[in-house]
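Structure below is upload-v4.cif: mmCIF, C-alpha atoms.
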data_target
loop_
_atom_site.label_atom_id
_atom_site.label_comp_id
_atom_site.auth_asym_id
_atom_site.auth_seq_id
_atom_site.Cartn_x
_atom_site.Cartn_y
_atom_site.Cartn_z
CA MET A 1459 -19.64 -8.78 -31.76
CA THR A 1460 -22.56 -6.67 -30.50
CA THR A 1461 -23.19 -6.24 -26.79
CA LYS A 1462 -26.28 -8.46 -27.04
CA LEU A 1463 -24.40 -11.24 -28.83
CA ALA A 1464 -21.55 -10.96 -26.34
CA ARG A 1465 -23.98 -11.40 -23.45
CA MET A 1466 -25.51 -14.43 -25.15
CA ALA A 1467 -22.08 -15.98 -25.79
CA GLY A 1468 -20.99 -15.33 -22.23
CA SER A 1469 -24.21 -16.80 -20.87
CA ARG A 1470 -23.82 -19.96 -22.94
CA MET A 1471 -20.24 -20.56 -21.85
CA LYS A 1472 -21.24 -19.89 -18.24
CA SER A 1473 -24.05 -22.44 -18.48
CA TRP A 1474 -21.73 -25.01 -20.03
CA PHE A 1475 -18.83 -24.30 -17.67
CA PRO A 1476 -20.34 -22.85 -14.46
CA THR A 1477 -17.02 -22.05 -12.75
CA THR A 1478 -15.89 -19.72 -15.55
CA SER A 1479 -16.07 -15.95 -15.92
CA TYR A 1480 -16.62 -13.80 -19.01
CA PRO A 1481 -14.80 -13.71 -21.31
CA LEU A 1482 -13.80 -17.36 -21.34
CA ILE A 1483 -10.02 -17.83 -21.21
CA VAL A 1484 -8.81 -21.36 -22.01
CA SER A 1485 -5.31 -22.72 -21.39
CA ALA A 1486 -4.21 -24.90 -24.29
CA PRO A 1487 -3.39 -28.58 -23.57
CA MET A 1488 0.32 -28.51 -24.42
CA ASP A 1489 2.35 -31.69 -24.02
CA PHE A 1490 5.30 -31.34 -21.58
CA VAL A 1491 3.93 -27.95 -20.47
CA THR A 1492 0.50 -28.31 -18.92
CA ASN A 1493 -0.09 -30.31 -15.76
CA PRO A 1494 -2.87 -30.75 -13.20
CA ARG A 1495 -1.73 -27.83 -11.05
CA LEU A 1496 -1.56 -25.37 -13.97
CA ALA A 1497 -5.00 -26.45 -15.23
CA ALA A 1498 -6.49 -26.17 -11.75
CA GLU A 1499 -5.05 -22.69 -11.21
CA VAL A 1500 -6.53 -21.47 -14.50
CA THR A 1501 -9.90 -22.89 -13.51
CA LYS A 1502 -9.75 -21.36 -10.02
CA ALA A 1503 -9.15 -17.96 -11.65
CA GLY A 1504 -12.33 -18.27 -13.73
CA GLY A 1505 -10.80 -19.75 -16.86
CA LEU A 1506 -10.94 -23.32 -18.13
CA GLY A 1507 -7.73 -25.28 -17.70
CA PHE A 1508 -6.84 -28.31 -19.81
CA ILE A 1509 -4.38 -31.12 -19.26
CA GLN A 1510 -2.84 -33.22 -22.03
CA GLY A 1511 -4.05 -36.81 -21.90
CA GLY A 1512 -1.71 -38.28 -24.51
CA ARG A 1513 -2.04 -40.36 -27.66
CA ASP A 1514 -1.39 -44.02 -26.78
CA PHE A 1515 -4.60 -45.82 -25.90
CA ALA A 1516 -3.44 -49.41 -26.27
CA PRO A 1517 -4.44 -51.67 -23.37
CA GLY A 1518 -1.83 -51.48 -20.65
CA SER A 1519 -0.28 -48.25 -21.96
CA PRO A 1520 1.41 -46.22 -19.20
CA VAL A 1521 -0.34 -43.19 -20.69
CA LEU A 1522 -3.62 -44.50 -19.26
CA ALA A 1523 -2.27 -44.74 -15.72
CA ARG A 1524 -0.82 -41.25 -16.09
CA LEU A 1525 -4.20 -39.94 -17.30
CA ASP A 1526 -5.92 -41.41 -14.25
CA GLU A 1527 -3.33 -39.87 -11.93
CA GLN A 1528 -3.44 -36.46 -13.61
CA LEU A 1529 -7.20 -36.27 -13.18
CA ARG A 1530 -6.89 -37.29 -9.53
CA GLN A 1531 -4.29 -34.58 -8.99
CA ALA A 1532 -6.43 -31.94 -10.69
CA ARG A 1533 -9.32 -32.76 -8.38
CA ALA A 1534 -7.01 -32.56 -5.37
CA HIS A 1535 -5.61 -29.18 -6.46
CA LEU A 1536 -9.18 -27.90 -6.75
CA GLY A 1537 -10.03 -29.23 -3.30
CA LEU A 1538 -12.83 -31.43 -4.60
CA PRO A 1539 -13.55 -34.79 -2.98
CA GLU A 1540 -13.72 -37.89 -5.16
CA THR A 1541 -17.51 -38.04 -4.86
CA ASP A 1542 -18.12 -34.37 -5.58
CA ALA A 1543 -19.42 -32.64 -8.73
CA PRO A 1544 -17.89 -33.16 -12.18
CA LEU A 1545 -14.29 -32.02 -12.50
CA PRO A 1546 -14.14 -28.42 -13.84
CA VAL A 1547 -11.10 -28.92 -16.05
CA GLY A 1548 -10.74 -30.38 -19.51
CA VAL A 1549 -8.53 -33.13 -20.91
CA ALA A 1550 -7.17 -33.33 -24.45
CA PHE A 1551 -6.07 -36.18 -26.71
CA VAL A 1552 -4.12 -36.44 -29.95
CA ALA A 1553 -5.95 -38.86 -32.23
CA TYR A 1554 -3.72 -39.85 -35.15
CA ALA A 1555 -2.23 -43.04 -33.67
CA ALA A 1556 -3.59 -46.45 -34.63
CA SER A 1557 -4.21 -47.15 -30.93
CA THR A 1558 -7.03 -44.58 -30.96
CA LYS A 1559 -9.28 -47.49 -31.95
CA HIS A 1560 -8.97 -48.64 -28.31
CA PHE A 1561 -10.08 -45.28 -26.86
CA GLY A 1562 -13.60 -46.42 -25.99
CA ALA A 1563 -12.37 -49.45 -24.11
CA THR A 1564 -9.37 -47.94 -22.33
CA ALA A 1565 -9.54 -44.15 -21.96
CA ALA A 1566 -13.31 -43.56 -21.88
CA PRO A 1567 -13.90 -45.50 -18.63
CA ILE A 1568 -11.20 -43.43 -16.88
CA LEU A 1569 -12.87 -40.25 -18.07
CA ARG A 1570 -16.30 -41.42 -16.89
CA ARG A 1571 -14.87 -42.06 -13.46
CA HIS A 1572 -13.38 -38.56 -13.15
CA ARG A 1573 -15.98 -36.67 -15.24
CA PRO A 1574 -13.95 -33.74 -16.65
CA ALA A 1575 -15.98 -30.83 -17.99
CA ALA A 1576 -14.67 -31.16 -21.54
CA VAL A 1577 -12.82 -33.59 -23.79
CA TRP A 1578 -10.64 -32.01 -26.50
CA LEU A 1579 -9.72 -33.99 -29.63
CA PHE A 1580 -7.09 -33.08 -32.22
CA ALA A 1581 -5.25 -34.47 -35.21
CA PRO A 1582 -7.07 -37.53 -36.50
CA SER A 1583 -5.16 -39.47 -39.14
CA PRO A 1584 -6.30 -38.65 -42.70
CA GLY A 1585 -6.32 -42.41 -43.27
CA ALA A 1586 -8.95 -42.91 -40.55
CA PRO A 1587 -11.67 -40.32 -41.27
CA ASP A 1588 -14.12 -41.76 -38.73
CA THR A 1589 -11.76 -41.41 -35.76
CA ILE A 1590 -13.38 -38.35 -34.17
CA ARG A 1591 -16.89 -39.71 -34.72
CA ASP A 1592 -15.96 -43.03 -33.10
CA VAL A 1593 -14.31 -41.40 -30.09
CA VAL A 1594 -17.29 -39.10 -29.58
CA ALA A 1595 -19.65 -42.08 -29.81
CA SER A 1596 -17.64 -43.89 -27.12
CA LEU A 1597 -17.99 -40.87 -24.84
CA ARG A 1598 -21.72 -40.50 -25.47
CA ARG A 1599 -22.41 -44.21 -25.02
CA PRO A 1600 -24.08 -45.23 -21.72
CA PRO A 1601 -21.50 -46.61 -19.28
CA ALA A 1602 -20.96 -50.34 -19.11
CA ALA A 1603 -22.11 -52.20 -16.01
CA ASN A 1604 -18.54 -52.58 -14.78
CA ASP A 1605 -17.61 -48.90 -15.20
CA ASP A 1606 -16.51 -47.39 -11.89
CA ASN A 1607 -18.63 -44.24 -11.99
CA ASP A 1608 -21.08 -44.98 -9.16
CA GLY A 1609 -23.99 -44.34 -11.50
CA ARG A 1610 -23.22 -40.63 -11.69
CA SER A 1611 -24.23 -38.78 -14.86
CA TRP A 1612 -21.59 -37.24 -17.10
CA ASN A 1613 -22.11 -35.26 -20.28
CA PRO A 1614 -18.83 -33.57 -21.24
CA LYS A 1615 -18.60 -30.93 -23.91
CA ILE A 1616 -16.73 -32.29 -26.91
CA VAL A 1617 -14.09 -29.87 -28.16
CA VAL A 1618 -12.49 -30.48 -31.57
CA GLN A 1619 -9.48 -28.49 -32.76
CA VAL A 1620 -9.42 -27.69 -36.48
CA GLY A 1621 -7.40 -25.64 -38.93
CA SER A 1622 -9.81 -25.28 -41.83
CA VAL A 1623 -13.45 -24.63 -42.58
CA ALA A 1624 -13.84 -28.13 -44.06
CA ALA A 1625 -12.49 -29.67 -40.87
CA ALA A 1626 -14.91 -27.55 -38.83
CA ARG A 1627 -17.82 -28.96 -40.82
CA SER A 1628 -16.57 -32.49 -40.21
CA ALA A 1629 -16.12 -31.82 -36.51
CA VAL A 1630 -19.73 -30.73 -36.11
CA ARG A 1631 -20.98 -33.71 -38.09
CA ASP A 1632 -18.91 -35.92 -35.80
CA GLY A 1633 -20.55 -34.46 -32.69
CA ALA A 1634 -18.46 -31.47 -31.58
CA ASP A 1635 -20.00 -29.01 -29.13
CA VAL A 1636 -17.05 -26.64 -29.48
CA VAL A 1637 -14.86 -26.06 -32.52
CA VAL A 1638 -11.43 -24.59 -31.81
CA ALA A 1639 -10.55 -22.59 -34.92
CA GLN A 1640 -6.77 -22.59 -34.74
CA GLY A 1641 -5.09 -20.06 -37.00
CA THR A 1642 -1.61 -20.53 -38.39
CA ASP A 1643 -0.45 -17.84 -35.93
CA ALA A 1644 -0.48 -20.57 -33.28
CA GLY A 1645 2.53 -22.23 -31.77
CA GLY A 1646 3.01 -25.97 -31.72
CA HIS A 1647 1.26 -28.49 -33.95
CA GLN A 1648 -1.43 -27.39 -36.37
CA TRP A 1649 -2.69 -27.75 -39.93
CA ALA A 1650 0.23 -27.32 -42.32
CA ALA A 1651 -2.01 -25.41 -44.76
CA GLY A 1652 -4.40 -22.95 -43.18
CA ALA A 1653 -5.40 -19.37 -42.54
CA GLY A 1654 -4.61 -16.89 -39.80
CA VAL A 1655 -7.00 -16.57 -36.90
CA VAL A 1656 -8.42 -13.26 -38.17
CA SER A 1657 -9.93 -14.82 -41.28
CA LEU A 1658 -10.45 -18.40 -40.05
CA VAL A 1659 -12.62 -17.65 -37.03
CA PRO A 1660 -15.32 -15.55 -38.73
CA GLU A 1661 -15.58 -17.90 -41.70
CA VAL A 1662 -15.97 -20.90 -39.41
CA VAL A 1663 -18.56 -19.01 -37.34
CA ASP A 1664 -20.56 -18.07 -40.45
CA VAL A 1665 -20.44 -21.53 -42.01
CA LEU A 1666 -21.51 -23.30 -38.84
CA ARG A 1667 -24.37 -20.85 -38.30
CA GLU A 1668 -25.58 -21.20 -41.89
CA GLU A 1669 -25.12 -24.94 -42.38
CA PHE A 1670 -26.04 -26.24 -38.91
CA PRO A 1671 -28.88 -23.95 -37.82
CA GLY A 1672 -30.36 -26.52 -35.45
CA ARG A 1673 -27.10 -27.29 -33.66
CA GLU A 1674 -25.80 -25.45 -30.61
CA VAL A 1675 -22.09 -25.24 -31.40
CA ALA A 1676 -19.59 -22.74 -30.00
CA VAL A 1677 -16.35 -21.55 -31.60
CA TRP A 1678 -13.19 -20.76 -29.69
CA GLY A 1679 -10.39 -18.82 -31.37
CA ALA A 1680 -6.75 -19.88 -31.10
CA GLY A 1681 -3.50 -18.68 -32.59
CA GLY A 1682 -1.21 -15.81 -31.62
CA ILE A 1683 -3.38 -14.67 -28.70
CA ALA A 1684 -1.21 -13.53 -25.82
CA ASP A 1685 -3.07 -10.73 -24.03
CA GLY A 1686 -6.50 -9.21 -23.48
CA ARG A 1687 -6.48 -7.32 -26.76
CA GLY A 1688 -6.15 -10.61 -28.64
CA VAL A 1689 -9.03 -12.06 -26.68
CA ALA A 1690 -11.21 -9.04 -27.45
CA ALA A 1691 -10.30 -9.38 -31.11
CA VAL A 1692 -11.40 -13.02 -31.44
CA LEU A 1693 -14.61 -12.25 -29.55
CA ALA A 1694 -15.28 -9.50 -32.10
CA LEU A 1695 -14.73 -12.11 -34.82
CA GLY A 1696 -17.51 -14.24 -33.36
CA ALA A 1697 -15.67 -16.61 -31.03
CA GLU A 1698 -17.12 -17.41 -27.60
CA GLY A 1699 -13.79 -18.14 -25.98
CA ALA A 1700 -10.08 -17.63 -26.54
CA VAL A 1701 -7.36 -20.28 -26.26
CA LEU A 1702 -3.88 -19.26 -25.11
CA GLY A 1703 -0.91 -21.59 -25.30
CA THR A 1704 2.44 -19.80 -25.53
CA ARG A 1705 1.41 -17.36 -22.77
CA TYR A 1706 0.95 -20.24 -20.33
CA MET A 1707 4.30 -21.81 -21.25
CA VAL A 1708 5.93 -19.27 -18.97
CA ALA A 1709 3.44 -19.70 -16.15
CA ALA A 1710 5.12 -20.41 -12.82
CA GLU A 1711 3.40 -23.81 -12.74
CA SER A 1712 4.41 -24.78 -16.29
CA ASP A 1713 6.47 -27.91 -16.88
CA ALA A 1714 8.31 -26.19 -19.74
CA GLN A 1715 12.07 -26.44 -19.39
CA ASP A 1716 13.91 -23.31 -18.33
CA PHE A 1717 15.57 -22.83 -21.71
CA LYS A 1718 12.15 -22.81 -23.36
CA LYS A 1719 10.83 -20.21 -20.95
CA LYS A 1720 13.94 -18.14 -21.57
CA ALA A 1721 13.47 -18.40 -25.35
CA ILE A 1722 9.84 -17.27 -25.05
CA LEU A 1723 10.69 -14.29 -22.87
CA GLU A 1724 13.59 -13.19 -25.09
CA THR A 1725 11.95 -13.61 -28.51
CA SER A 1726 10.18 -10.67 -30.17
CA ASP A 1727 8.73 -9.95 -33.61
CA GLY A 1728 7.07 -13.34 -33.67
CA GLY A 1729 6.13 -13.27 -37.34
CA ALA A 1730 9.81 -13.09 -38.27
CA ASN A 1731 11.34 -15.10 -35.45
CA THR A 1732 9.03 -18.10 -35.37
CA VAL A 1733 8.46 -20.44 -38.29
CA LYS A 1734 6.03 -23.20 -39.32
CA SER A 1735 7.83 -26.35 -40.43
CA GLN A 1736 7.90 -30.13 -40.10
CA LEU A 1737 11.64 -29.71 -39.54
CA HIS A 1738 11.00 -29.09 -35.84
CA ASP A 1739 9.79 -32.67 -35.46
CA HIS A 1740 12.08 -34.32 -37.98
CA ILE A 1741 15.22 -32.83 -36.47
CA GLN A 1742 14.28 -34.58 -33.21
CA GLY A 1743 13.67 -37.90 -34.94
CA ASN A 1744 9.88 -37.62 -34.65
CA ARG A 1745 8.13 -38.65 -37.85
CA SER A 1746 4.91 -39.83 -36.27
CA TRP A 1747 2.78 -36.83 -37.27
CA PRO A 1748 0.84 -37.18 -40.55
CA ASP A 1749 2.00 -34.91 -43.37
CA MET A 1750 -1.07 -32.66 -43.11
CA TYR A 1751 0.30 -31.26 -39.82
CA ASP A 1752 3.35 -29.18 -39.00
CA GLY A 1753 4.28 -26.91 -36.10
CA ARG A 1754 5.41 -23.37 -35.32
CA ALA A 1755 8.49 -22.82 -33.16
CA VAL A 1756 11.15 -20.22 -32.45
CA VAL A 1757 13.71 -19.93 -35.27
CA THR A 1758 17.01 -21.68 -34.48
CA PRO A 1759 20.29 -22.38 -36.31
CA SER A 1760 18.73 -25.64 -37.48
CA HIS A 1761 16.15 -23.67 -39.45
CA HIS A 1762 18.81 -21.40 -40.95
CA ASP A 1763 20.80 -24.48 -42.00
CA HIS A 1764 17.68 -26.03 -43.52
CA ALA A 1765 16.96 -22.84 -45.48
CA ALA A 1766 20.57 -22.87 -46.72
CA GLY A 1767 20.11 -26.37 -48.13
CA VAL A 1768 21.81 -28.46 -45.44
CA PRO A 1769 20.49 -32.04 -45.80
CA LEU A 1770 18.30 -33.36 -42.97
CA ASP A 1771 20.81 -36.05 -41.97
CA GLU A 1772 23.57 -33.48 -41.49
CA ASN A 1773 21.22 -31.05 -39.79
CA THR A 1774 20.14 -33.79 -37.40
CA ARG A 1775 23.78 -34.63 -36.67
CA ARG A 1776 24.42 -30.97 -35.79
CA PHE A 1777 21.30 -30.88 -33.62
CA ASN A 1778 22.32 -33.99 -31.67
CA ALA A 1779 25.94 -32.84 -31.32
CA ALA A 1780 24.79 -29.50 -29.90
CA LYS A 1781 22.37 -31.20 -27.53
CA GLU A 1782 24.99 -33.66 -26.28
CA GLY A 1783 27.46 -30.82 -25.79
CA GLY A 1784 25.07 -28.74 -23.71
CA ASP A 1785 24.43 -26.18 -26.46
CA LEU A 1786 20.71 -25.39 -26.28
CA SER A 1787 20.63 -23.02 -29.26
CA ARG A 1788 19.21 -25.68 -31.59
CA MET A 1789 16.58 -27.02 -29.20
CA VAL A 1790 12.95 -26.70 -30.29
CA THR A 1791 10.71 -24.22 -28.48
CA TRP A 1792 7.15 -24.28 -29.75
CA SER A 1793 5.77 -20.74 -29.94
CA GLY A 1794 3.06 -18.69 -31.55
CA THR A 1795 3.51 -15.37 -33.30
CA GLY A 1796 2.29 -13.49 -30.22
CA VAL A 1797 5.52 -14.34 -28.41
CA GLY A 1798 6.74 -10.74 -28.50
CA LEU A 1799 3.85 -9.72 -26.23
CA ILE A 1800 5.01 -12.03 -23.44
CA LYS A 1801 7.32 -10.17 -21.07
CA GLU A 1802 7.31 -11.98 -17.73
CA GLU A 1803 6.70 -15.23 -15.90
CA LEU A 1804 3.60 -15.13 -13.71
CA PRO A 1805 1.39 -17.62 -11.86
CA ALA A 1806 -1.25 -19.15 -14.14
CA ALA A 1807 -4.08 -17.63 -12.13
CA GLU A 1808 -2.57 -14.16 -12.47
CA ILE A 1809 -2.11 -14.62 -16.22
CA THR A 1810 -5.77 -15.62 -16.49
CA ARG A 1811 -7.00 -12.64 -14.50
CA ARG A 1812 -4.78 -10.13 -16.32
CA VAL A 1813 -5.78 -11.41 -19.74
CA ARG A 1814 -9.48 -11.35 -18.86
CA ASP A 1815 -9.25 -7.85 -17.34
CA GLY A 1816 -7.31 -6.68 -20.38
CA ALA A 1817 -10.02 -8.02 -22.69
CA LEU A 1818 -12.76 -6.26 -20.75
CA LYS A 1819 -10.75 -3.03 -20.79
CA ALA A 1820 -10.20 -3.30 -24.55
CA MET A 1821 -13.90 -3.88 -25.19
CA GLU A 1822 -14.90 -1.02 -22.95
CA GLY A 1823 -12.44 1.24 -24.74
CA LEU A 1824 -14.02 0.36 -28.07
CA ARG A 1825 -17.52 0.99 -26.75
CA SER A 1826 -16.54 4.36 -25.30
CA SER A 1827 -15.06 5.47 -28.63
CA LEU A 1828 -18.34 4.95 -30.51
#

Would you give me this structure, written as C-alpha cells?
Amino acid sequence: MTTKLARMAGSRMKSWFPTTSYPLIVSAPMDFVTNPRLAAEVTKAGGLGFIQGGRDFAPGSPVLARLDEQLRQARAHLGLPETDAPLPVGVAFVAYAASTKHFGATAAPILRRHRPAAVWLFAPSPGAPDTIRDVVASLRRPPAANDDNDGRSWNPKIVVQVGSVAAARSAVRDGADVVVAQGTDAGGHQWAAGAGVVSLVPEVVDVLREEFPGREVAVWGAGGIADGRGVAAVLALGAEGAVLGTRYMVAAESDAQDFKKKAILETSDGGANTVKSQLHDHIQGNRSWPDMYDGRAVVTPSHHDHAAGVPLDENTRRFNAAKEGGDLSRMVTWSGTGVGLIKEELPAAEITRRVRDGALKAMEGLRSSL
C-alpha cells in the first residue's frame, strides 16, 4: 500500500471509529474468550474491541439477557454513562441457527439501546441465503415506537466475516460496510475451503473495488496475524485493518481457560502443529455447524488417532475418558498458525499498543530501505 493510500485508509477508519488509532487493530469476537473488559481495554488502547453476542435469538433466550448485560458492562468499563455517545466497541453474532429469523425482534432492540459502533455477522446457513441481508435490514430499519433508545440516532458499521471472494461479493450486496477476509491461517471457525490471507485479501480488495465502484466498503484482514509485522503485511495487501484472535486468547483479561493459554504459549511451528478439521467440534459432540465450516486448533492425540483411522465413536470415548480423568491433552484449543509468535501473556491494552507500534516500525523500516 502506498503512503497516500495508507493515509486514506487510516483516515476512513478514524472517521468511522473515532476512538481508534492507525493502524486499526481489532480483537476478534471469540466465544468463551472475549468479554466486556477485554473489549474495552482494546478500545481504550486505540484498537476496536469486540464481544461475542451469541447465536440463539429465540424470544426469551438467556443469550439475549447476557447480550444486554455484556453491553452494559462494556460501557461501565469504558466509564461512559448510559446516556452518553454510542458505545465504541463492537458485538458479533453467529448466524447459522434457525433462530436468527428472530434477530430483528429480539436482538436488534437491545443493540439500538446500547448503540455499539459495529455489528459483526458470521456463518449464515447455506440453506438460508438471505440471512445476512435480513439481519442487516433489521439493523437499518427505523426503530419501533416502543424501542428504548430515547430517540437517539444509531448507524453501526456492518461487518461481515467471509472466507471466499464469492462470499465477499454477497456480503457487500447484503449491506456490509466492512468485509473481514479471513484466511485459512486463522484459528477457530472458518470456511472449510478457502485461501490463505496473503492471497485472499488482495483478491477481495480488487474485486470489491472493481465490481462495487460506488460503494464505500473496507476490508479487514484476518488469519495468522500475531504481531506488528503481520499487521503491516495485510495493510500492504490492501486491508484497512487487521483482526487478531489467538494473540488475545492469552491476554490477562481473557476468559480462556488456563490450559488453553498454556497450549498457546507452548506451541510453535503453527503450520505443522495446528490443523483445520471438523473433528474439533465432532469430538466434543457439537454437530451444529454447517458442513461448509470447520475450525483450526492445536494438534492433539485425538487428531493423531483420527489420522490413524480410529473411528469417531472410539475417538470420542477416548476424549471423554481423558476429560473425566483430568487429562487435558485431548482438549480443544482453537489457534491460528501464528501461534509460534506468541510468547507471553500481557494485558489486552499492552498487546494492542505493542502490535500497533510493531506495525508502524515495520512500515517505517520498509520505507527507509527504498

Selection result of the PyMOL selection byres ((chain A and resi 1749) around 10) on this file, as a list in words: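 For this structure, the PyMOL selection byres ((chain A and resi 1749) around 10) captures Ser1583, Pro1584, Trp1649, Ala1650, Gln1736, Arg1745, Ser1746, Trp1747, Pro1748, Met1750, Tyr1751 and Asp1752 of chain A.
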
Mind telling me what the PyMOL selection byres ((chain A and resi 1502) around 12) catches here, as a PyMOL selection string? chain A and resi 1476-1479+1483+1495-1501+1503-1507+1532-1533+1535-1538+1545-1547+1805-1811

Near A:Gly1688, within 12 Å and counting all atoms listed in the file, which residues show up once chain neighbours fewer than 5 positions away are dropped, as number ranges by chain? A: 1481, 1483, 1643, 1655-1656, 1679-1683, 1693-1695, 1697, 1699-1702, 1705, 1795-1796, 1799, 1813-1814, 1816-1821

If you apply the PyMOL selection byres ((chain A and resi 1634-1639) around 6) to this file, what residues do you get, as a list in words? Lys1615, Ile1616, Val1617, Val1618, Gln1619, Val1620, Gly1621, Ala1629, Val1630, Gly1633, Gln1640, Val1659, Val1675, Ala1676, Val1677, Trp1678 and Gly1679 of chain A

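The two atoms in question, atom CA of A:Leu1786 and atom CA of A:Thr1492, are spaced 21.7 Å apart.
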
What would the list of residues within 10 Å of (8.9, -15.3, -38.6) (file frame) look like as a list in words, if all atoms listed in the file are what count?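 Residues satisfying the cut-off, written out: Ser1726, Asp1727, Gly1728, Gly1729, Ala1730, Asn1731, Thr1732, Val1733, Lys1734, Arg1754, Ala1755, Val1756, Val1757, Gly1794 and Thr1795 of chain A.
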
Kindly list the centre and edge lengths in Å, rounded to one decimal, for the axis-aligned box that covers all listed atoms of stretch 1495-1502 of chain A plus 6 Å on each of its six sides, as lines of an AutoDock Vina configuration file.
center_x = -5.7
center_y = -24.6
center_z = -12.6
size_x = 20.3
size_y = 18.5
size_z = 17.2

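Our summary of the geometry notes that atom CA of A:Ala1566 is positioned 25.9 Å from atom CA of A:Arg1470.
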
Which neighbours of A:Ser1787 fall inside 10 Å, counting only C-alpha atoms, when residues of the same chain fewer than 4 positions from it are skipped, and could you give them as a ChimeraX atom specification? /A:1717,1721,1757-1760,1777,1780-1781

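The shortest atom-to-atom distance to A:Glu1698, with all atoms listed in the file taken into account, belongs to A:Pro1660 out of A:Gly1672, A:Pro1614, A:Gly1823, A:Pro1660.
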
Proximity to A:Lys1720 - best of A:Gln1531, A:Lys1801, A:Ser1485, A:His1560, all atoms listed in the file: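 Of the candidates, the smallest distance to A:Lys1720 is held by A:Lys1801.
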
Using only C-alpha atoms, determine which residues lie at most 8 Å from A:Gly1548, disregarding the query and same-chain residues fewer than 2 positions distant; provide the list as an mmCIF file with C-alpha atoms, keeping the file's coordinate frame.
data_model
loop_
_atom_site.group_PDB
_atom_site.id
_atom_site.type_symbol
_atom_site.label_atom_id
_atom_site.label_comp_id
_atom_site.auth_asym_id
_atom_site.auth_seq_id
_atom_site.Cartn_x
_atom_site.Cartn_y
_atom_site.Cartn_z
ATOM 1 C CA LEU A 1506 -10.940 -23.320 -18.130
ATOM 2 C CA GLY A 1507 -7.730 -25.280 -17.700
ATOM 3 C CA PHE A 1508 -6.840 -28.310 -19.810
ATOM 4 C CA ILE A 1509 -4.380 -31.120 -19.260
ATOM 5 C CA PRO A 1546 -14.140 -28.420 -13.840
ATOM 6 C CA ALA A 1550 -7.170 -33.330 -24.450
ATOM 7 C CA PRO A 1574 -13.950 -33.740 -16.650
ATOM 8 C CA ALA A 1575 -15.980 -30.830 -17.990
ATOM 9 C CA ALA A 1576 -14.670 -31.160 -21.540
ATOM 10 C CA VAL A 1577 -12.820 -33.590 -23.790
ATOM 11 C CA TRP A 1578 -10.640 -32.010 -26.500
#

How many Å separate atom CA of A:Arg1573 from atom CA of A:Val1594?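 Result for atom CA of A:Arg1573 versus atom CA of A:Val1594: 14.6 Å, one decimal.
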
For A:Thr1564, work out the shell of residues within 8 Å, counting all atoms listed in the file and skipping chain neighbours fewer than 2 positions away, then give it as JSON, numbers by chain. {"A": [1515, 1516, 1517, 1522, 1560, 1561, 1562, 1566, 1567, 1568]}

Excluding A:Ala1555 and residues on its chain fewer than 5 positions from it, collect all residues at most 8 Å away from it, counting all atoms listed in the file, and give them as a list of chain:residue names.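 What passes the distance filter is A:Arg1513, A:Asp1514, A:Pro1582, A:Ser1583.
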
Of A:Gln1742, A:Ser1628, A:Ser1793, A:Gln1510, the one sitting nearest A:Asp1713 when using only C-alpha atoms is A:Gln1510

Which one is closest to A:Met1707: A:Val1665, A:Ala1690, A:Val1549, A:Ile1722? Count all atoms listed in the file.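 Smallest distance to A:Met1707 is found for A:Ile1722.
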
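Checking A:Gly1641, A:Met1471, A:Val1623, A:Pro1520 one by one against A:Val1662, counting only C-alpha atoms, you find the shortest gap at A:Val1623.
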
Could you check which of A:Arg1812, A:Lys1718, A:Arg1673, A:Arg1570 is closest to A:Thr1704, using all atoms listed in the file? A:Lys1718
